[in-house]
Amino acid sequence: MRIKKGDVVKIRAGRDRGKTGKVLRTIAERSAVVIEGMNLLVKHLRARRSGEKGQRVRYPAPLPVSRVSLVCPKCGAATRVGMAVLTDGKRERRCMRCKQTFA
Ligand SMILES: [Zn+2]
């Protein structure tokens with residue numbers, strides 16, 4: 001996948017379409033990402049001990065990478081990601097809009 005943990009992405013489809021957020025986790029085998037504050041679901045927790053209350057906890061659920069696009073750290077545009085081979089043979093990601101590379 002061309003999206004990494006820590007990237008800022010824009011959500012293109014679904015309930016949070018149009019919002020941007022930071023990637024907390026990537027799940028390569030599911031081609032999914034977890035984004036801070038996005039795709040929130042409610043988990044219902046029962047009281048474990050007497051006197052304690054059950055709670056409803058909101059947490060960000062994974063969503064398919066195909067629903068997001070990277071916000072370029074160099075130019076700020078929501079863009080597709082290409083790969084560039086540097087002169088020393090290393091590969092870096094590249095913004096398809098401004099053509100600048102980044103790790
Ligand atoms: Zn760019």
# chains A, B, ... in the order shown; residues from 1 in each chain; ligands from 1
>>> residues_around(residues="Cys75 of chain A", least_positions_apart="5", cutoff="10 Å", atoms="only C-alpha atoms", output="list in words")
Cys95, Arg97, Cys98, Lys99 and Gln100 of chain A
>>> residues_near_ligand(ligand="ligand 1", cutoff="10 Å", atoms="only C-alpha atoms and all ligand atoms", output="list in words")
Leu70, Val71, Cys72, Pro73, Lys74, Cys75, Gly76, Ala77, Ala78, Thr79, Arg80, Val81, Arg94, Cys95, Met96, Arg97, Cys98, Lys99, Gln100, Thr101 and Phe102 of chain A
>>> write_last_selection(atoms="N, CA, C and O atoms", output="short mmCIF file (atom, residue, chain, number, x, y, z; two decimals), in the first residue's frame")
data_model
loop_
_atom_site.label_atom_id
_atom_site.label_comp_id
_atom_site.auth_asym_id
_atom_site.auth_seq_id
_atom_site.Cartn_x
_atom_site.Cartn_y
_atom_site.Cartn_z
N LEU A 70 -4.01 10.41 -0.42
CA LEU A 70 -2.99 11.06 0.38
C LEU A 70 -3.02 12.57 0.21
O LEU A 70 -3.21 13.07 -0.89
N VAL A 71 -2.85 13.29 1.31
CA VAL A 71 -2.63 14.73 1.22
C VAL A 71 -1.12 14.91 1.18
O VAL A 71 -0.41 14.53 2.12
N CYS A 72 -0.63 15.44 0.07
CA CYS A 72 0.82 15.57 -0.13
C CYS A 72 1.46 16.42 0.96
O CYS A 72 1.01 17.53 1.23
N PRO A 73 2.50 15.90 1.62
CA PRO A 73 3.16 16.68 2.68
C PRO A 73 3.93 17.88 2.12
O PRO A 73 4.29 18.79 2.87
N LYS A 74 4.17 17.89 0.82
CA LYS A 74 4.93 18.98 0.22
C LYS A 74 4.04 20.09 -0.32
O LYS A 74 4.30 21.26 -0.13
N CYS A 75 2.97 19.71 -1.05
CA CYS A 75 2.15 20.76 -1.67
C CYS A 75 0.75 20.85 -1.07
O CYS A 75 0.02 21.80 -1.36
N GLY A 76 0.34 19.88 -0.27
CA GLY A 76 -0.94 19.97 0.40
C GLY A 76 -2.14 19.51 -0.40
O GLY A 76 -3.26 19.54 0.09
N ALA A 77 -1.94 19.09 -1.63
CA ALA A 77 -3.06 18.64 -2.46
C ALA A 77 -3.38 17.18 -2.18
O ALA A 77 -2.49 16.39 -1.86
N ALA A 78 -4.66 16.81 -2.31
CA ALA A 78 -5.04 15.40 -2.24
C ALA A 78 -4.65 14.79 -3.56
O ALA A 78 -5.06 15.25 -4.62
N THR A 79 -3.83 13.76 -3.53
CA THR A 79 -3.20 13.28 -4.76
C THR A 79 -3.07 11.77 -4.80
O THR A 79 -3.23 11.09 -3.79
N ARG A 80 -2.79 11.26 -6.00
CA ARG A 80 -2.39 9.88 -6.13
C ARG A 80 -0.91 9.79 -5.80
O ARG A 80 -0.19 10.79 -5.85
N VAL A 81 -0.45 8.59 -5.50
CA VAL A 81 0.95 8.41 -5.09
C VAL A 81 1.67 7.55 -6.12
O VAL A 81 1.20 6.47 -6.47
N ARG A 94 6.12 9.52 -4.46
CA ARG A 94 6.10 10.78 -5.18
C ARG A 94 4.66 11.26 -5.34
O ARG A 94 3.76 10.48 -5.64
N CYS A 95 4.50 12.56 -5.16
CA CYS A 95 3.19 13.18 -5.40
C CYS A 95 2.98 13.30 -6.89
O CYS A 95 3.85 13.77 -7.62
N MET A 96 1.82 12.84 -7.40
CA MET A 96 1.58 12.88 -8.83
C MET A 96 1.16 14.27 -9.30
O MET A 96 0.99 14.51 -10.48
N ARG A 97 0.98 15.19 -8.36
CA ARG A 97 0.63 16.56 -8.78
C ARG A 97 1.87 17.44 -8.86
O ARG A 97 2.15 18.03 -9.88
N CYS A 98 2.63 17.51 -7.73
CA CYS A 98 3.77 18.43 -7.73
C CYS A 98 5.07 17.70 -8.06
O CYS A 98 6.10 18.34 -8.22
N LYS A 99 5.02 16.37 -8.17
CA LYS A 99 6.18 15.54 -8.56
C LYS A 99 7.30 15.53 -7.54
O LYS A 99 8.39 15.02 -7.80
N GLN A 100 7.09 16.12 -6.36
CA GLN A 100 8.14 16.06 -5.34
C GLN A 100 8.08 14.70 -4.65
O GLN A 100 7.04 14.07 -4.58
N THR A 101 9.24 14.26 -4.13
CA THR A 101 9.29 12.95 -3.48
C THR A 101 9.38 13.11 -1.96
O THR A 101 9.78 14.15 -1.45
N PHE A 102 8.96 12.05 -1.28
CA PHE A 102 9.01 12.01 0.18
C PHE A 102 9.02 10.55 0.60
O PHE A 102 8.67 9.67 -0.19
#
>>> select_by_dssp(residues="chain A", states="helix (DSSP H, G or I)", output="ChimeraX atom specification")
/A:28-30,65-67
>>> select_by_dssp(residues="chain A", states="strand (DSSP E or B)", output="PyMOL selection string")
chain A and resi 8-11+20-27+32-35+40-45+55-60+63-64+68-71+78-79+81-85+91-95+101-102
>>> residues_around(residues="Leu41 of chain A", least_positions_apart="4", cutoff="12 Å", atoms="only C-alpha atoms", output="number ranges by chain")
A: 15, 34, 37, 56-63
>>> write_last_selection(atoms="all heavy atoms", output="mmCIF file, in the first residue's frame")
data_model
loop_
_atom_site.group_PDB
_atom_site.id
_atom_site.type_symbol
_atom_site.label_atom_id
_atom_site.label_comp_id
_atom_site.auth_asym_id
_atom_site.auth_seq_id
_atom_site.Cartn_x
_atom_site.Cartn_y
_atom_site.Cartn_z
ATOM 1 N N ARG A 15 -19.212 7.816 4.856
ATOM 2 C CA ARG A 15 -19.816 8.713 5.823
ATOM 3 C C ARG A 15 -18.987 9.957 6.107
ATOM 4 O O ARG A 15 -19.521 11.018 6.375
ATOM 5 C CB ARG A 15 -20.033 7.928 7.127
ATOM 6 C CG ARG A 15 -21.013 8.570 8.050
ATOM 7 C CD ARG A 15 -21.442 7.590 9.113
ATOM 8 N NE ARG A 15 -20.299 7.067 9.839
ATOM 9 C CZ ARG A 15 -20.412 6.319 10.915
ATOM 10 N NH1 ARG A 15 -21.601 5.991 11.375
ATOM 11 N NH2 ARG A 15 -19.352 5.873 11.542
ATOM 12 N N VAL A 34 -6.813 2.757 9.476
ATOM 13 C CA VAL A 34 -7.582 3.321 10.577
ATOM 14 C C VAL A 34 -7.166 4.781 10.687
ATOM 15 O O VAL A 34 -5.978 5.089 10.752
ATOM 16 C CB VAL A 34 -7.281 2.587 11.902
ATOM 17 C CG1 VAL A 34 -8.040 3.233 13.057
ATOM 18 C CG2 VAL A 34 -7.644 1.112 11.782
ATOM 19 N N GLY A 37 -10.305 9.667 14.435
ATOM 20 C CA GLY A 37 -11.583 10.382 14.462
ATOM 21 C C GLY A 37 -12.531 10.098 13.307
ATOM 22 O O GLY A 37 -13.566 10.739 13.187
ATOM 23 N N ARG A 56 -20.471 3.262 26.633
ATOM 24 C CA ARG A 56 -20.430 3.219 25.176
ATOM 25 C C ARG A 56 -19.164 3.950 24.752
ATOM 26 O O ARG A 56 -18.975 5.120 25.069
ATOM 27 C CB ARG A 56 -21.656 3.908 24.596
ATOM 28 C CG ARG A 56 -22.944 3.233 25.077
ATOM 29 C CD ARG A 56 -24.102 3.581 24.209
ATOM 30 N NE ARG A 56 -24.254 5.018 24.052
ATOM 31 C CZ ARG A 56 -25.032 5.571 23.115
ATOM 32 N NH1 ARG A 56 -25.705 4.809 22.292
ATOM 33 N NH2 ARG A 56 -25.128 6.879 23.011
ATOM 34 N N VAL A 57 -18.289 3.249 24.073
ATOM 35 C CA VAL A 57 -17.011 3.831 23.681
ATOM 36 C C VAL A 57 -16.986 4.010 22.178
ATOM 37 O O VAL A 57 -17.295 3.092 21.428
ATOM 38 C CB VAL A 57 -15.846 2.913 24.114
ATOM 39 C CG1 VAL A 57 -14.509 3.502 23.680
ATOM 40 C CG2 VAL A 57 -15.865 2.706 25.616
ATOM 41 N N ARG A 58 -16.640 5.215 21.734
ATOM 42 C CA ARG A 58 -16.511 5.454 20.298
ATOM 43 C C ARG A 58 -15.072 5.181 19.873
ATOM 44 O O ARG A 58 -14.148 5.594 20.552
ATOM 45 C CB ARG A 58 -16.891 6.897 19.968
ATOM 46 C CG ARG A 58 -18.362 7.153 20.229
ATOM 47 C CD ARG A 58 -18.661 8.622 20.206
ATOM 48 N NE ARG A 58 -18.686 9.160 18.849
ATOM 49 C CZ ARG A 58 -19.673 8.923 17.981
ATOM 50 N NH1 ARG A 58 -20.689 8.183 18.333
ATOM 51 N NH2 ARG A 58 -19.644 9.443 16.783
ATOM 52 N N TYR A 59 -14.917 4.449 18.788
ATOM 53 C CA TYR A 59 -13.569 4.139 18.334
ATOM 54 C C TYR A 59 -13.544 4.166 16.805
ATOM 55 O O TYR A 59 -14.569 3.930 16.168
ATOM 56 C CB TYR A 59 -13.126 2.758 18.859
ATOM 57 C CG TYR A 59 -13.879 1.605 18.224
ATOM 58 C CD1 TYR A 59 -13.306 0.864 17.187
ATOM 59 C CD2 TYR A 59 -15.159 1.292 18.647
ATOM 60 C CE1 TYR A 59 -14.002 -0.170 16.594
ATOM 61 C CE2 TYR A 59 -15.859 0.259 18.051
ATOM 62 C CZ TYR A 59 -15.277 -0.473 17.034
ATOM 63 O OH TYR A 59 -15.973 -1.481 16.434
ATOM 64 N N PRO A 60 -12.382 4.496 16.218
ATOM 65 C CA PRO A 60 -12.290 4.542 14.766
ATOM 66 C C PRO A 60 -12.131 3.135 14.193
ATOM 67 O O PRO A 60 -11.237 2.398 14.597
ATOM 68 C CB PRO A 60 -11.056 5.399 14.489
ATOM 69 C CG PRO A 60 -10.234 5.305 15.722
ATOM 70 C CD PRO A 60 -11.143 4.934 16.870
ATOM 71 N N ALA A 61 -12.998 2.753 13.266
ATOM 72 C CA ALA A 61 -12.930 1.437 12.637
ATOM 73 C C ALA A 61 -12.131 1.532 11.339
ATOM 74 O O ALA A 61 -12.044 2.599 10.739
ATOM 75 C CB ALA A 61 -14.341 0.938 12.350
ATOM 76 N N PRO A 62 -11.545 0.392 10.899
ATOM 77 C CA PRO A 62 -10.786 0.399 9.646
ATOM 78 C C PRO A 62 -11.704 0.709 8.466
ATOM 79 O O PRO A 62 -12.871 0.345 8.478
ATOM 80 C CB PRO A 62 -10.273 -1.043 9.537
ATOM 81 C CG PRO A 62 -10.387 -1.622 10.889
ATOM 82 C CD PRO A 62 -11.529 -0.919 11.555
ATOM 83 N N LEU A 63 -11.161 1.377 7.466
ATOM 84 C CA LEU A 63 -11.907 1.545 6.225
ATOM 85 C C LEU A 63 -10.966 1.267 5.060
ATOM 86 O O LEU A 63 -9.756 1.372 5.202
ATOM 87 C CB LEU A 63 -12.564 2.929 6.160
ATOM 88 C CG LEU A 63 -11.729 4.175 6.324
ATOM 89 C CD1 LEU A 63 -11.306 4.698 4.982
ATOM 90 C CD2 LEU A 63 -12.535 5.234 7.031
#
>>> atom_distance(atom1="atom CA of Glu36 of chain A", atom2="atom CA of Ala13 of chain A")
16.1 Å
>>> decode(residues="segment 20-39 of chain A", atoms="N, CA, C and O atoms", output="mmCIF file, in the first residue's frame")
data_model
loop_
_atom_site.group_PDB
_atom_site.id
_atom_site.type_symbol
_atom_site.label_atom_id
_atom_site.label_comp_id
_atom_site.auth_asym_id
_atom_site.auth_seq_id
_atom_site.Cartn_x
_atom_site.Cartn_y
_atom_site.Cartn_z
ATOM 1 N N THR A 20 -10.422 15.289 6.484
ATOM 2 C CA THR A 20 -9.041 14.825 6.486
ATOM 3 C C THR A 20 -8.656 14.383 7.888
ATOM 4 O O THR A 20 -9.175 14.902 8.874
ATOM 5 N N GLY A 21 -7.754 13.412 7.950
ATOM 6 C CA GLY A 21 -7.317 12.914 9.249
ATOM 7 C C GLY A 21 -6.004 12.170 9.127
ATOM 8 O O GLY A 21 -5.525 11.874 8.037
ATOM 9 N N LYS A 22 -5.427 11.868 10.298
ATOM 10 C CA LYS A 22 -4.133 11.189 10.344
ATOM 11 C C LYS A 22 -4.321 9.677 10.425
ATOM 12 O O LYS A 22 -5.190 9.190 11.139
ATOM 13 N N VAL A 23 -3.474 8.943 9.711
ATOM 14 C CA VAL A 23 -3.539 7.481 9.719
ATOM 15 C C VAL A 23 -2.902 6.947 10.996
ATOM 16 O O VAL A 23 -1.741 7.233 11.295
ATOM 17 N N LEU A 24 -3.672 6.193 11.776
ATOM 18 C CA LEU A 24 -3.170 5.634 13.029
ATOM 19 C C LEU A 24 -2.549 4.263 12.816
ATOM 20 O O LEU A 24 -1.638 3.850 13.529
ATOM 21 N N ARG A 25 -3.084 3.528 11.816
ATOM 22 C CA ARG A 25 -2.679 2.144 11.645
ATOM 23 C C ARG A 25 -2.996 1.736 10.213
ATOM 24 O O ARG A 25 -3.991 2.198 9.648
ATOM 25 N N THR A 26 -2.168 0.882 9.630
ATOM 26 C CA THR A 26 -2.505 0.322 8.323
ATOM 27 C C THR A 26 -2.612 -1.188 8.465
ATOM 28 O O THR A 26 -1.893 -1.798 9.254
ATOM 29 N N ILE A 27 -3.525 -1.791 7.716
ATOM 30 C CA ILE A 27 -3.701 -3.239 7.747
ATOM 31 C C ILE A 27 -3.535 -3.727 6.312
ATOM 32 O O ILE A 27 -4.487 -3.730 5.526
ATOM 33 N N ALA A 28 -2.310 -4.113 5.953
ATOM 34 C CA ALA A 28 -1.984 -4.435 4.564
ATOM 35 C C ALA A 28 -2.803 -5.591 4.018
ATOM 36 O O ALA A 28 -3.302 -5.539 2.901
ATOM 37 N N GLU A 29 -2.983 -6.649 4.839
ATOM 38 C CA GLU A 29 -3.696 -7.827 4.344
ATOM 39 C C GLU A 29 -5.177 -7.565 4.085
ATOM 40 O O GLU A 29 -5.824 -8.326 3.385
ATOM 41 N N ARG A 30 -5.699 -6.487 4.626
ATOM 42 C CA ARG A 30 -7.094 -6.118 4.344
ATOM 43 C C ARG A 30 -7.186 -4.881 3.468
ATOM 44 O O ARG A 30 -8.272 -4.382 3.201
ATOM 45 N N SER A 31 -6.021 -4.360 3.063
ATOM 46 C CA SER A 31 -5.976 -3.085 2.333
ATOM 47 C C SER A 31 -6.841 -2.031 3.024
ATOM 48 O O SER A 31 -7.639 -1.350 2.389
ATOM 49 N N ALA A 32 -6.649 -1.927 4.323
ATOM 50 C CA ALA A 32 -7.472 -1.004 5.097
ATOM 51 C C ALA A 32 -6.608 -0.092 5.959
ATOM 52 O O ALA A 32 -5.448 -0.399 6.242
ATOM 53 N N VAL A 33 -7.183 1.026 6.333
ATOM 54 C CA VAL A 33 -6.489 1.961 7.210
ATOM 55 C C VAL A 33 -7.426 2.411 8.330
ATOM 56 O O VAL A 33 -8.628 2.441 8.159
ATOM 57 N N VAL A 34 -6.813 2.757 9.476
ATOM 58 C CA VAL A 34 -7.582 3.321 10.577
ATOM 59 C C VAL A 34 -7.166 4.781 10.687
ATOM 60 O O VAL A 34 -5.978 5.089 10.752
ATOM 61 N N ILE A 35 -8.148 5.672 10.653
ATOM 62 C CA ILE A 35 -7.858 7.100 10.658
ATOM 63 C C ILE A 35 -8.443 7.760 11.894
ATOM 64 O O ILE A 35 -9.590 7.506 12.264
ATOM 65 N N GLU A 36 -7.618 8.592 12.503
ATOM 66 C CA GLU A 36 -7.993 9.277 13.731
ATOM 67 C C GLU A 36 -9.332 10.012 13.581
ATOM 68 O O GLU A 36 -9.488 10.855 12.708
ATOM 69 N N GLY A 37 -10.305 9.667 14.435
ATOM 70 C CA GLY A 37 -11.583 10.382 14.462
ATOM 71 C C GLY A 37 -12.531 10.098 13.307
ATOM 72 O O GLY A 37 -13.566 10.739 13.187
ATOM 73 N N MET A 38 -12.175 9.125 12.430
ATOM 74 C CA MET A 38 -13.018 8.842 11.271
ATOM 75 C C MET A 38 -13.667 7.464 11.380
ATOM 76 O O MET A 38 -13.111 6.560 12.000
ATOM 77 N N ASN A 39 -14.812 7.318 10.709
ATOM 78 C CA ASN A 39 -15.515 6.040 10.681
ATOM 79 C C ASN A 39 -15.748 5.517 12.103
ATOM 80 O O ASN A 39 -15.479 4.357 12.398
#
